[in-house]
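Structure file query_2.tsv; described as TSV, C-alpha atoms and all ligand atoms.
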```tsv
chain	number	residue	atom	x	y	z
A	1	MET	CA	28.13	-15.01	14.60
A	2	THR	CA	29.51	-16.22	11.23
A	3	ILE	CA	27.89	-15.08	7.98
A	4	ALA	CA	26.50	-18.60	7.49
A	5	GLU	CA	24.96	-18.48	10.98
A	6	THR	CA	23.46	-15.06	10.25
A	7	TYR	CA	21.71	-16.42	7.14
A	8	ALA	CA	20.58	-19.61	8.89
A	9	ARG	CA	19.21	-17.58	11.78
A	10	PHE	CA	17.40	-15.20	9.42
A	11	ALA	CA	15.67	-18.26	7.95
A	12	THR	CA	14.60	-19.82	11.22
A	13	ARG	CA	13.97	-16.70	13.28
A	14	GLU	CA	12.67	-14.01	10.94
A	15	VAL	CA	11.15	-15.42	7.77
A	16	ARG	CA	10.01	-18.94	8.69
A	17	GLY	CA	6.26	-19.11	8.14
A	18	VAL	CA	6.26	-15.57	6.73
A	19	SER	CA	8.31	-15.83	3.53
A	20	PRO	CA	8.99	-19.38	2.30
A	21	THR	CA	11.04	-17.92	-0.57
A	22	TYR	CA	13.48	-16.16	1.74
A	23	ASP	CA	13.46	-19.09	4.17
A	24	ARG	CA	14.69	-21.35	1.34
A	25	LEU	CA	17.08	-18.76	-0.07
A	26	SER	CA	18.76	-17.81	3.19
A	27	LEU	CA	19.32	-21.47	4.10
A	28	ALA	CA	20.84	-22.00	0.66
A	29	VAL	CA	23.18	-19.00	1.09
A	30	ALA	CA	24.16	-20.32	4.54
A	31	GLY	CA	25.49	-23.45	2.83
A	32	ASP	CA	26.98	-21.79	-0.26
A	33	ASP	CA	30.72	-21.28	0.22
A	34	GLU	CA	31.11	-19.22	-2.94
A	35	LEU	CA	28.44	-16.69	-1.94
A	36	LEU	CA	29.69	-16.61	1.66
A	37	ALA	CA	33.19	-15.76	0.39
A	38	LEU	CA	31.79	-12.86	-1.68
A	39	LEU	CA	29.80	-11.57	1.30
A	40	ALA	CA	32.94	-11.76	3.46
A	41	THR	CA	34.55	-9.07	1.29
A	42	LEU	CA	31.91	-6.58	2.55
A	43	PRO	CA	32.01	-4.71	5.88
A	44	ALA	CA	30.14	-6.62	8.62
A	45	ALA	CA	27.20	-4.21	8.59
A	46	LYS	CA	26.65	-4.78	4.86
A	47	ARG	CA	26.29	-8.55	4.80
A	48	GLN	CA	22.66	-8.95	5.95
A	49	PRO	CA	20.19	-11.17	4.08
A	50	ASN	CA	17.62	-8.38	3.68
A	51	LEU	CA	20.22	-6.15	2.03
A	52	LEU	CA	21.52	-8.82	-0.36
A	53	PHE	CA	18.05	-10.07	-1.30
A	54	GLY	CA	16.66	-6.53	-1.65
A	55	VAL	CA	19.52	-5.46	-3.94
A	56	VAL	CA	19.12	-8.54	-6.14
A	57	ARG	CA	15.39	-7.83	-6.43
A	58	LEU	CA	16.09	-4.15	-7.19
A	59	LEU	CA	18.45	-5.17	-10.00
A	60	GLY	CA	15.84	-7.57	-11.40
A	61	GLY	CA	17.60	-10.77	-10.36
A	62	PRO	CA	15.85	-14.03	-9.39
A	63	VAL	CA	15.13	-14.85	-5.76
A	64	GLU	CA	12.72	-17.76	-6.22
A	65	GLU	CA	15.26	-20.47	-7.06
A	66	PRO	CA	18.48	-20.72	-5.01
A	67	ALA	CA	20.48	-22.12	-7.98
A	68	ALA	CA	19.43	-19.25	-10.27
A	69	PHE	CA	20.10	-16.80	-7.43
A	70	HIS	CA	23.61	-18.21	-6.97
A	71	ASP	CA	24.43	-17.88	-10.68
A	72	TYR	CA	23.02	-14.34	-10.83
A	73	VAL	CA	24.96	-13.14	-7.78
A	74	VAL	CA	28.24	-14.60	-9.04
A	75	ALA	CA	27.73	-13.14	-12.54
A	76	HIS	CA	26.65	-9.68	-11.31
A	77	TRP	CA	28.74	-9.35	-8.15
A	78	PRO	CA	30.37	-5.98	-9.04
A	79	GLU	CA	26.96	-4.26	-9.41
A	80	ILE	CA	25.51	-6.07	-6.41
A	81	GLU	CA	28.51	-5.19	-4.26
A	82	ALA	CA	28.33	-1.50	-5.24
A	83	GLU	CA	24.62	-1.34	-4.36
A	84	MET	CA	25.14	-3.16	-1.05
A	85	ARG	CA	27.92	-0.79	-0.07
A	86	ALA	CA	25.82	2.27	-1.01
A	87	ARG	CA	22.51	1.20	0.51
A	88	ALA	CA	21.09	0.18	3.87
A	89	THR	CA	17.96	-1.72	4.76
A	90	GLN	CA	15.34	0.96	5.20
A	91	THR	CA	12.14	-1.07	5.07
A	92	ASN	CA	9.33	1.34	5.91
A	93	GLU	CA	6.28	-0.56	7.11
A	94	ALA	CA	3.15	1.52	7.74
A	95	GLY	CA	1.59	-1.64	9.23
A	96	ARG	CA	3.65	-1.04	12.37
A	97	CYS	CA	1.28	1.84	13.19
A	98	ALA	CA	-1.27	-0.81	14.20
A	99	VAL	CA	0.83	-1.79	17.22
A	100	LEU	CA	1.68	1.82	18.10
A	101	LEU	CA	-1.93	3.00	17.90
A	102	PRO	CA	-3.23	1.61	21.24
A	103	VAL	CA	-0.54	3.54	23.13
A	104	LEU	CA	-0.73	6.69	21.02
A	105	ALA	CA	-4.52	6.85	21.36
A	106	ALA	CA	-4.31	6.56	25.16
A	107	LEU	CA	-1.85	9.44	25.69
A	108	PRO	CA	-3.01	13.02	26.41
A	109	GLN	CA	-3.98	14.59	23.07
A	110	PRO	CA	-2.97	16.27	20.83
A	111	LEU	CA	0.34	14.64	19.93
A	112	ALA	CA	3.60	15.89	18.45
A	113	LEU	CA	5.20	12.82	16.85
A	114	LEU	CA	8.94	12.53	16.36
A	115	GLU	CA	10.13	9.29	14.81
A	116	VAL	CA	13.83	8.42	14.87
A	117	GLY	CA	14.93	6.08	12.08
A	118	ALA	CA	11.88	7.20	10.09
A	119	SER	CA	13.05	6.02	6.64
A	120	ALA	CA	10.41	7.66	4.36
A	121	GLY	CA	8.21	8.63	7.32
A	122	LEU	CA	5.31	6.26	6.63
A	123	CYS	CA	4.87	5.47	10.34
A	124	LEU	CA	4.26	9.16	11.03
A	125	TYR	CA	0.61	8.94	9.90
A	126	PRO	CA	-1.11	6.74	12.52
A	127	ASP	CA	-4.05	9.18	12.50
A	128	ARG	CA	-4.61	8.86	8.74
A	129	TYR	CA	-4.77	5.09	8.30
A	130	ALA	CA	-7.63	2.74	9.17
A	131	TYR	CA	-7.27	-0.33	11.41
A	132	ARG	CA	-8.98	-3.69	11.79
A	133	TYR	CA	-8.40	-5.45	15.09
A	134	GLY	CA	-10.48	-8.54	14.38
A	135	ASP	CA	-14.02	-7.19	13.93
A	136	HIS	CA	-13.21	-3.86	15.51
A	137	ARG	CA	-12.52	-1.10	13.04
A	138	VAL	CA	-10.92	2.26	13.80
A	139	GLY	CA	-10.68	5.08	11.25
A	140	THR	CA	-11.85	5.34	7.66
A	141	GLY	CA	-8.64	6.09	5.73
A	142	GLN	CA	-6.33	4.01	3.56
A	143	PRO	CA	-4.50	1.72	3.83
A	144	VAL	CA	-6.47	-0.50	6.21
A	145	LEU	CA	-4.05	-2.18	8.62
A	146	ASP	CA	-4.99	-5.59	9.97
A	147	CYS	CA	-3.70	-6.55	13.39
A	148	ALA	CA	-4.50	-9.52	15.63
A	149	LEU	CA	-4.80	-8.08	19.13
A	150	THR	CA	-4.72	-10.22	22.28
A	151	GLY	CA	-4.97	-9.30	25.96
A	152	ALA	CA	-6.58	-5.84	25.90
A	153	ALA	CA	-9.43	-3.93	24.31
A	154	PRO	CA	-8.63	-2.33	20.94
A	155	PRO	CA	-8.29	1.45	20.80
A	156	ALA	CA	-11.56	3.33	20.46
A	157	ARG	CA	-10.21	6.34	18.58
A	158	LEU	CA	-7.47	7.70	16.41
A	159	PRO	CA	-4.92	10.06	17.94
A	160	GLU	CA	-4.92	13.75	17.10
A	161	VAL	CA	-1.55	14.61	15.56
A	162	VAL	CA	-0.63	18.30	15.27
A	163	TRP	CA	3.06	17.89	14.35
A	164	ARG	CA	5.03	15.07	12.75
A	165	ALA	CA	8.75	14.94	12.18
A	166	GLY	CA	11.24	12.21	11.31
A	167	LEU	CA	14.99	11.90	11.81
A	168	ASP	CA	17.02	9.50	9.68
A	169	LEU	CA	20.63	9.06	8.56
A	170	ASN	CA	19.24	8.81	5.03
A	171	PRO	CA	15.64	10.01	4.70
A	172	LEU	CA	13.82	8.52	1.72
A	173	ASP	CA	11.34	10.45	-0.41
A	174	VAL	CA	8.22	8.56	-1.48
A	175	THR	CA	7.73	10.98	-4.39
A	176	ASP	CA	11.10	9.89	-5.85
A	177	PRO	CA	10.56	6.78	-8.04
A	178	ALA	CA	14.07	5.48	-7.21
A	179	ASP	CA	13.42	5.63	-3.46
A	180	LEU	CA	10.01	4.00	-3.89
A	181	ALA	CA	11.60	1.24	-6.00
A	182	TRP	CA	14.08	0.53	-3.18
A	183	LEU	CA	11.30	0.41	-0.58
A	184	ASP	CA	9.41	-1.98	-2.84
A	185	ALA	CA	12.47	-4.19	-3.37
A	186	LEU	CA	12.85	-4.52	0.41
A	187	ILE	CA	9.39	-6.06	0.75
A	188	TRP	CA	9.56	-9.85	0.89
A	189	PRO	CA	8.56	-11.59	-2.35
A	190	GLU	CA	5.21	-13.11	-1.36
A	191	HIS	CA	3.96	-9.98	0.40
A	192	ALA	CA	1.76	-8.48	-2.31
A	193	HIS	CA	-0.47	-6.96	0.40
A	194	ARG	CA	2.52	-5.02	1.74
A	195	ARG	CA	3.30	-3.68	-1.74
A	196	THR	CA	-0.28	-2.42	-2.05
A	197	ARG	CA	0.01	-0.95	1.43
A	198	LEU	CA	3.28	0.79	0.56
A	199	ARG	CA	1.65	2.51	-2.43
A	200	ALA	CA	-1.38	3.61	-0.35
A	201	ALA	CA	0.74	4.90	2.55
A	202	ALA	CA	3.11	6.65	0.12
A	203	ALA	CA	0.09	8.50	-1.34
A	204	VAL	CA	-0.82	9.69	2.17
A	205	ALA	CA	2.72	10.93	2.80
A	206	ALA	CA	3.02	12.54	-0.65
A	207	ALA	CA	-0.21	14.50	-0.10
A	208	ASP	CA	1.06	16.00	3.16
A	209	PRO	CA	4.82	15.42	3.40
A	210	PRO	CA	6.31	15.11	6.88
A	211	LEU	CA	9.26	17.13	8.11
A	212	LEU	CA	12.10	14.66	7.47
A	213	VAL	CA	15.53	15.66	8.76
A	214	ARG	CA	18.82	14.01	7.87
A	215	GLY	CA	20.62	13.30	11.10
A	216	ASP	CA	21.63	10.93	13.84
A	217	LEU	CA	19.24	9.75	16.54
A	218	VAL	CA	21.67	10.70	19.32
A	219	ASP	CA	23.37	13.85	18.06
A	220	ASP	CA	20.45	15.53	16.33
A	221	LEU	CA	17.44	14.50	18.39
A	222	PRO	CA	17.40	17.36	20.96
A	223	GLU	CA	17.41	20.06	18.26
A	224	LEU	CA	14.52	18.48	16.37
A	225	ALA	CA	12.56	17.77	19.56
A	226	ALA	CA	12.90	21.44	20.50
A	227	GLN	CA	10.85	22.31	17.39
A	228	ALA	CA	7.79	20.43	18.65
A	229	PRO	CA	4.92	22.80	19.42
A	230	ALA	CA	4.08	23.66	23.02
A	231	GLY	CA	0.71	22.37	24.15
A	232	ALA	CA	1.09	18.97	22.47
A	233	THR	CA	2.36	15.75	24.01
A	234	LEU	CA	5.75	15.00	22.48
A	235	VAL	CA	6.16	11.31	21.61
A	236	VAL	CA	9.60	10.19	20.46
A	237	PHE	CA	9.18	6.76	18.90
A	238	HIS	CA	11.03	4.17	16.88
A	239	THR	CA	10.32	0.79	15.37
A	240	SER	CA	12.93	-1.72	14.13
A	241	VAL	CA	15.77	0.79	14.21
A	242	LEU	CA	18.15	0.07	17.07
A	243	TYR	CA	19.52	-3.16	15.54
A	244	GLN	CA	21.26	-0.82	13.09
A	245	VAL	CA	22.79	1.26	15.91
A	246	PRO	CA	25.97	0.18	17.75
A	247	PRO	CA	25.35	-0.82	21.42
A	248	SER	CA	27.17	2.17	22.94
A	249	ARG	CA	25.07	4.52	20.81
A	250	ARG	CA	21.86	2.74	21.87
A	251	ASP	CA	22.72	3.58	25.47
A	252	ALA	CA	23.52	7.16	24.52
A	253	PHE	CA	20.18	7.40	22.69
A	254	ALA	CA	18.27	6.10	25.72
A	255	GLY	CA	20.00	8.74	27.84
A	256	VAL	CA	19.07	11.54	25.42
A	257	VAL	CA	15.46	10.48	24.97
A	258	ARG	CA	14.90	10.05	28.72
A	259	GLY	CA	16.06	13.64	29.18
A	260	LEU	CA	13.41	15.06	26.84
A	261	PRO	CA	9.96	16.21	27.92
A	262	GLY	CA	7.17	13.89	26.77
A	263	HIS	CA	7.08	10.15	26.15
A	264	TRP	CA	9.35	7.52	24.64
A	265	LEU	CA	7.66	4.74	22.68
A	266	ALA	CA	9.90	1.91	21.48
A	267	ASN	CA	9.06	-1.11	19.33
A	268	GLU	CA	12.29	-3.05	19.17
A	269	ASP	CA	13.88	-6.49	19.33
A	270	PRO	CA	14.52	-7.25	23.04
A	271	GLU	CA	18.00	-8.42	22.08
A	272	VAL	CA	18.90	-4.86	21.10
A	273	LEU	CA	16.76	-3.02	23.66
A	274	PRO	CA	16.72	-5.39	26.66
A	275	HIS	CA	14.16	-5.31	29.47
A	276	ALA	CA	14.64	-6.76	32.94
A	277	ALA	CA	11.82	-9.31	32.92
A	278	LEU	CA	9.68	-10.40	30.01
A	279	PRO	CA	6.99	-13.08	29.77
A	280	GLU	CA	7.36	-15.90	27.25
A	281	PRO	CA	6.79	-14.66	23.68
A	282	PRO	CA	3.53	-15.89	22.14
A	283	ALA	CA	5.04	-18.21	19.52
A	284	ASP	CA	8.32	-19.34	18.01
A	285	ALA	CA	8.13	-16.40	15.62
A	286	HIS	CA	10.36	-13.43	16.13
A	287	CYS	CA	8.70	-10.67	18.17
A	288	ASN	CA	9.55	-7.13	19.15
A	289	VAL	CA	8.68	-5.53	22.47
A	290	LEU	CA	6.50	-2.44	22.68
A	291	ALA	CA	7.66	-0.27	25.59
A	292	LEU	CA	6.47	3.09	26.89
A	293	ASP	CA	9.00	5.17	28.83
A	294	GLY	CA	11.14	2.07	29.30
A	295	LYS	CA	8.28	-0.10	30.62
A	296	PRO	CA	7.64	-3.19	28.43
A	297	LEU	CA	3.97	-3.59	27.53
A	298	ALA	CA	3.44	-6.10	24.74
A	299	TRP	CA	4.92	-8.49	22.20
A	300	THR	CA	4.50	-7.34	18.60
A	301	ARG	CA	5.10	-9.07	15.28
A	302	GLY	CA	7.65	-7.54	12.93
A	303	HIS	CA	5.34	-5.93	10.39
A	304	GLY	CA	2.63	-4.91	12.85
A	305	GLN	CA	0.42	-7.93	12.12
A	306	ALA	CA	-0.11	-8.86	15.78
A	307	ILE	CA	0.15	-7.47	19.29
A	308	THR	CA	-0.06	-9.53	22.48
A	309	TRP	CA	-0.33	-7.50	25.69
A	310	PHE	CA	1.49	-8.74	28.75
A	311	GLY	CA	-0.89	-10.03	31.44
A	401	LIG	C1	14.59	-0.81	9.15
A	401	LIG	S1	14.35	0.91	8.93
A	401	LIG	C2	12.84	1.13	9.86
A	401	LIG	C3	12.05	2.32	9.36
A	401	LIG	C4	10.78	2.63	10.15
A	401	LIG	N1	11.09	2.91	11.54
A	401	LIG	C5	9.76	1.52	10.07
A	401	LIG	O1	9.59	0.82	11.07
A	401	LIG	O2	9.11	1.35	9.05
A	401	LIG	C6	15.59	1.61	10.00
A	401	LIG	C7	15.87	3.08	9.70
A	401	LIG	O3	16.72	3.59	10.73
A	401	LIG	C8	17.64	4.49	10.14
A	401	LIG	N2	18.79	4.64	11.05
A	401	LIG	C9	19.73	3.72	11.36
A	401	LIG	N3	20.63	4.23	12.21
A	401	LIG	C10	20.26	5.50	12.46
A	401	LIG	C11	20.79	6.56	13.27
A	401	LIG	N4	21.91	6.40	13.98
A	401	LIG	N5	20.15	7.75	13.29
A	401	LIG	C12	19.02	7.92	12.54
A	401	LIG	N6	18.48	6.96	11.76
A	401	LIG	C13	19.07	5.78	11.72
A	401	LIG	C14	17.97	3.84	8.81
A	401	LIG	O4	18.50	4.79	7.89
A	401	LIG	C15	16.61	3.29	8.38
A	401	LIG	O5	15.90	4.22	7.58
```
Could you show the structure in this file as structure tokens?
Ligand SMILES: C[S@@+](CC[C@H](N)C(=O)[O-])C[C@H]1O[C@@H](n2cnc3c(N)ncnc32)[C@H](O)[C@@H]1O
Amino acid sequence: MTIAETYARFATREVRGVSPTYDRLSLAVAGDDELLALLATLPAAKRQPNLLFGVVRLLGGPVEEPAAFHDYVVAHWPEIEAEMRARATQTNEAGRCAVLLPVLAALPQPLALLEVGASAGLCLYPDRYAYRYGDHRVGTGQPVLDCALTGAAPPARLPEVVWRAGLDLNPLDVTDPADLAWLDALIWPEHAHRRTRLRAAAAVAAADPPLLVRGDLVDDLPELAAQAPAGATLVVFHTSVLYQVPPSRRDAFAGVVRGLPGHWLANEDPEVLPHAALPEPPADAHCNVLALDGKPLAWTRGHGQAITWFG
């Protein structure tokens, strides 16, 4: 896929109907030869829309108007390039716990949670947040995560979590203002509710920090998994991570995780973690697939705002 196609696809597949600002901006970049030429000087893995837009927001640049964005990027390219080379998209969305919760709550309790690609670890607290599935409320904590659920009853309880650990190539620390600023910059412009949610989830993590280990999800997973306490159900899980992992390493990861005791819960784009047969997705919008131990169960929206169980 060319860089222009990547930006056009981001507009139509990921942000359409969810972020009009980024829809407009990514289409503009797709047709902007000067910006495309600058992006072409970066390694392929560093050219993504979310990275460029997040860095410009972090630096205080404009993302509302494509013409102003163009001028800013051209004028500040050296700083933007340095940040794009140094950073990766590490969006940490606590809202994704709302699509994990039905599975986590149904497993034998208590749980030992191990998240690979954990970023700052905000998805490691599914037992601390509250949830609203339509009129059905679960939990009393903050933030309250709204999720439209179709095709099954909502979970009746929160899971009991006795151990939580995260593995990431670059763990972020929510108590570090610079890391929090990067997580904030990665949130799409119109999503004020996600900014509020980030602050509330960061307070939960700061009050009881998770074990976050710097490492690779293939090479370092067995050692971390071995630290999980006996007597708890180990759940190795990941959401929106494998698109950042080369295909051969995805296969290696699947091999490692299948060899561990416990369960494997994946919430990933079916293009990066394919399944043999899937029903039609619920809408034109981009969806991930929730899968337990390799068995696909439901379509989920990218930030945890909806889950549609397969029939
Ligand atoms: C888009 S973020 C998703 C964070 C979190 N799972 C969530 O859903 O909010 C992807 C994370 O995966 C991490 N990652 C990418 N490749 C990895 C690897 N090979 N091993 C461990 N972590 C990795 C990145 O550093 C990043 O923090």
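Using only C-alpha atoms, the protein and nucleic acid residues lying no more than 12 Å from Ala153 (chain A), apart from those fewer than 2 places from it along its own chain, are Pro102, Val103, Ala106, Tyr133, Gly134, Asp135, His136, Ala148, Leu149, Thr150, Gly151, Pro155, Ala156, Arg157, Ile307, Thr308 and Trp309 of chain A.
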Original post:
CA of Leu242 (chain A) to atom C10 of ligand LIG 401 (chain A): how many Å, to one decimal?
Top reply: 7.4 Å
**OP:** Determine the nearest neighbour of His76 (chain A) from the options A:Val18, A:Ala230, A:Leu38, A:Ala185, counting only C-alpha atoms.
**Re:**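 The shortest atom-to-atom distance to His76 (chain A) comes from A:Leu38.
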Sorted per-residue table, chain A near ligand LIG 401 (chain A), closest atoms and distance, 10 Å, only C-alpha atoms and all ligand atoms, as a Markdown table:
```
| residue | atom | partner | partner_atom | distance |
| --- | --- | --- | --- | --- |
| A:Asn50 | CA | A:LIG401 | C1 | 9.8 |
| A:Arg87 | CA | A:LIG401 | O4 | 9.1 |
| A:Ala88 | CA | A:LIG401 | O4 | 6.6 |
| A:Thr89 | CA | A:LIG401 | C1 | 5.6 |
| A:Gln90 | CA | A:LIG401 | S1 | 3.9 |
| A:Thr91 | CA | A:LIG401 | C1 | 4.8 |
| A:Asn92 | CA | A:LIG401 | O2 | 3.1 |
| A:Glu93 | CA | A:LIG401 | O2 | 3.9 |
| A:Ala94 | CA | A:LIG401 | O2 | 6.1 |
| A:Gly95 | CA | A:LIG401 | O2 | 8.1 |
| A:Arg96 | CA | A:LIG401 | O1 | 6.4 |
| A:Cys97 | CA | A:LIG401 | O1 | 8.6 |
| A:Glu115 | CA | A:LIG401 | N1 | 7.2 |
| A:Val116 | CA | A:LIG401 | C12 | 5.7 |
| A:Gly117 | CA | A:LIG401 | O3 | 3.4 |
| A:Ala118 | CA | A:LIG401 | N1 | 4.6 |
| A:Ser119 | CA | A:LIG401 | O5 | 3.5 |
| A:Ala120 | CA | A:LIG401 | O5 | 7.2 |
| A:Gly121 | CA | A:LIG401 | C4 | 7.1 |
| A:Leu122 | CA | A:LIG401 | O2 | 6.7 |
| A:Cys123 | CA | A:LIG401 | O2 | 6.1 |
| A:Leu124 | CA | A:LIG401 | C4 | 9.3 |
| A:Gly166 | CA | A:LIG401 | N6 | 9.0 |
| A:Leu167 | CA | A:LIG401 | C12 | 5.7 |
| A:Asp168 | CA | A:LIG401 | N6 | 3.6 |
| A:Leu169 | CA | A:LIG401 | N6 | 4.4 |
| A:Asn170 | CA | A:LIG401 | O4 | 5.0 |
| A:Pro171 | CA | A:LIG401 | O5 | 6.5 |
| A:Leu172 | CA | A:LIG401 | O5 | 7.6 |
| A:Leu183 | CA | A:LIG401 | O2 | 9.9 |
| A:Leu186 | CA | A:LIG401 | C1 | 9.7 |
| A:Val213 | CA | A:LIG401 | C12 | 9.3 |
| A:Arg214 | CA | A:LIG401 | C12 | 7.7 |
| A:Gly215 | CA | A:LIG401 | C12 | 5.8 |
| A:Asp216 | CA | A:LIG401 | N5 | 3.6 |
| A:Leu217 | CA | A:LIG401 | N5 | 3.9 |
| A:Val218 | CA | A:LIG401 | N4 | 6.9 |
| A:Asp219 | CA | A:LIG401 | N5 | 8.4 |
| A:Asp220 | CA | A:LIG401 | N5 | 8.4 |
| A:Leu221 | CA | A:LIG401 | N5 | 8.9 |
| A:Phe237 | CA | A:LIG401 | N1 | 8.5 |
| A:His238 | CA | A:LIG401 | N1 | 5.5 |
| A:Thr239 | CA | A:LIG401 | O1 | 4.4 |
| A:Ser240 | CA | A:LIG401 | C2 | 5.1 |
| A:Val241 | CA | A:LIG401 | C6 | 4.3 |
| A:Leu242 | CA | A:LIG401 | N3 | 6.9 |
| A:Tyr243 | CA | A:LIG401 | C9 | 8.1 |
| A:Gln244 | CA | A:LIG401 | C9 | 5.1 |
| A:Val245 | CA | A:LIG401 | N3 | 5.2 |
| A:Pro246 | CA | A:LIG401 | N4 | 8.3 |
| A:Arg249 | CA | A:LIG401 | N4 | 7.8 |
| A:Arg250 | CA | A:LIG401 | N4 | 8.7 |
| A:Phe253 | CA | A:LIG401 | N4 | 8.9 |
| A:Asn267 | CA | A:LIG401 | O1 | 8.5 |
| A:Glu268 | CA | A:LIG401 | O1 | 9.4 |
| A:Gly302 | CA | A:LIG401 | O1 | 8.8 |
| A:His303 | CA | A:LIG401 | O1 | 8.0 |
| A:Gly304 | CA | A:LIG401 | O1 | 9.2 |
```
Original post:
CA of Tyr125 (chain A) and CA of Glu271 (chain A), how far apart in Å?
Top reply: 27.4 Å
**OP:** Would you please work out which residue, of A:Glu81, A:Glu190, A:Glu65, A:Glu280, is nearest to Ser19 (chain A) when using all atoms listed in the file?
**Re:**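 Under the stated criterion, the closest residue is A:Glu190.
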**OP:** Between CA of Leu113 (chain A) and CA of Asn288 (chain A), measure the distance and give it in Å to one decimal.
**Re:**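 Between these atoms lies a distance of 20.5 Å.
Nearest-residue note for Arg13 (chain A): choosing from A:Leu27, A:Ala40, A:Leu35, A:Leu198, the minimum distance belongs to A:Leu27, counting only C-alpha atoms.
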Original post:
Using all atoms listed in the file, what residues lie at most 7 Å away from (12.4, -17.1, -1.8) (file coordinates), given as number ranges by chain?
Top reply: A: 19-25, 63-65, 189
Original post:
Given the choices A:Asp146, A:Glu5, A:Asp71, A:Asp173, which gets closest to Val99 (chain A) if the distance is worked out from all atoms listed in the file?
Top reply: A:Asp146
**OP:** Identify which of the residues A:Ala205, A:Ala291, A:Val256, A:Met84 lies closest to Leu273 (chain A), counting only C-alpha atoms when measuring atom-to-atom distances.
**Re:**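 For Leu273 (chain A), the nearest of the candidates is A:Ala291.
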Step by step, gather every atom of region 237-252 of chain A that the file lists, find the box along x, y and z that holds them, add 3 Å on each side, and finally give centre and edge lengths in Å to one decimal, as lines of an AutoDock Vina configuration file.
```
center_x = 18.2
center_y = 2.0
center_z = 19.3
size_x = 24.0
size_y = 16.3
size_z = 18.4
```
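The smallest atom-to-atom distance between Glu34 (chain A) and any of A:Ala201, A:Val144, A:Leu290, A:Ala75, using all atoms listed in the file, is found for A:Ala75.
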**OP:** Quick one: everything within 12 Å of Trp77 (chain A), counting only C-alpha atoms, minus sequence neighbours fewer than 4 positions away in the same chain. Send it as a list in words.
**Re:** Glu34, Leu35, Ala37, Leu38, Leu39, Thr41, Leu42, Leu52, Val55, Val56, Leu59, Gly61, Phe69, His70, Asp71, Tyr72, Val73, Glu81, Ala82, Glu83, Met84 and Arg85 of chain A
Mind listing as a short mmCIF file (atom, residue, chain, number, x, y, z; two decimals) with C-alpha atoms, in the frame of the given file all residues within 8 Å of (1.0, 14.3, 20.7), counting only C-alpha atoms?
```cif
data_model
loop_
_atom_site.label_atom_id
_atom_site.label_comp_id
_atom_site.auth_asym_id
_atom_site.auth_seq_id
_atom_site.Cartn_x
_atom_site.Cartn_y
_atom_site.Cartn_z
CA LEU A 104 -0.73 6.69 21.02
CA LEU A 107 -1.85 9.44 25.69
CA PRO A 108 -3.01 13.02 26.41
CA GLN A 109 -3.98 14.59 23.07
CA PRO A 110 -2.97 16.27 20.83
CA LEU A 111 0.34 14.64 19.93
CA ALA A 112 3.60 15.89 18.45
CA LEU A 113 5.20 12.82 16.85
CA PRO A 159 -4.92 10.06 17.94
CA GLU A 160 -4.92 13.75 17.10
CA VAL A 161 -1.55 14.61 15.56
CA VAL A 162 -0.63 18.30 15.27
CA TRP A 163 3.06 17.89 14.35
CA ALA A 232 1.09 18.97 22.47
CA THR A 233 2.36 15.75 24.01
CA LEU A 234 5.75 15.00 22.48
CA VAL A 235 6.16 11.31 21.61
#
```
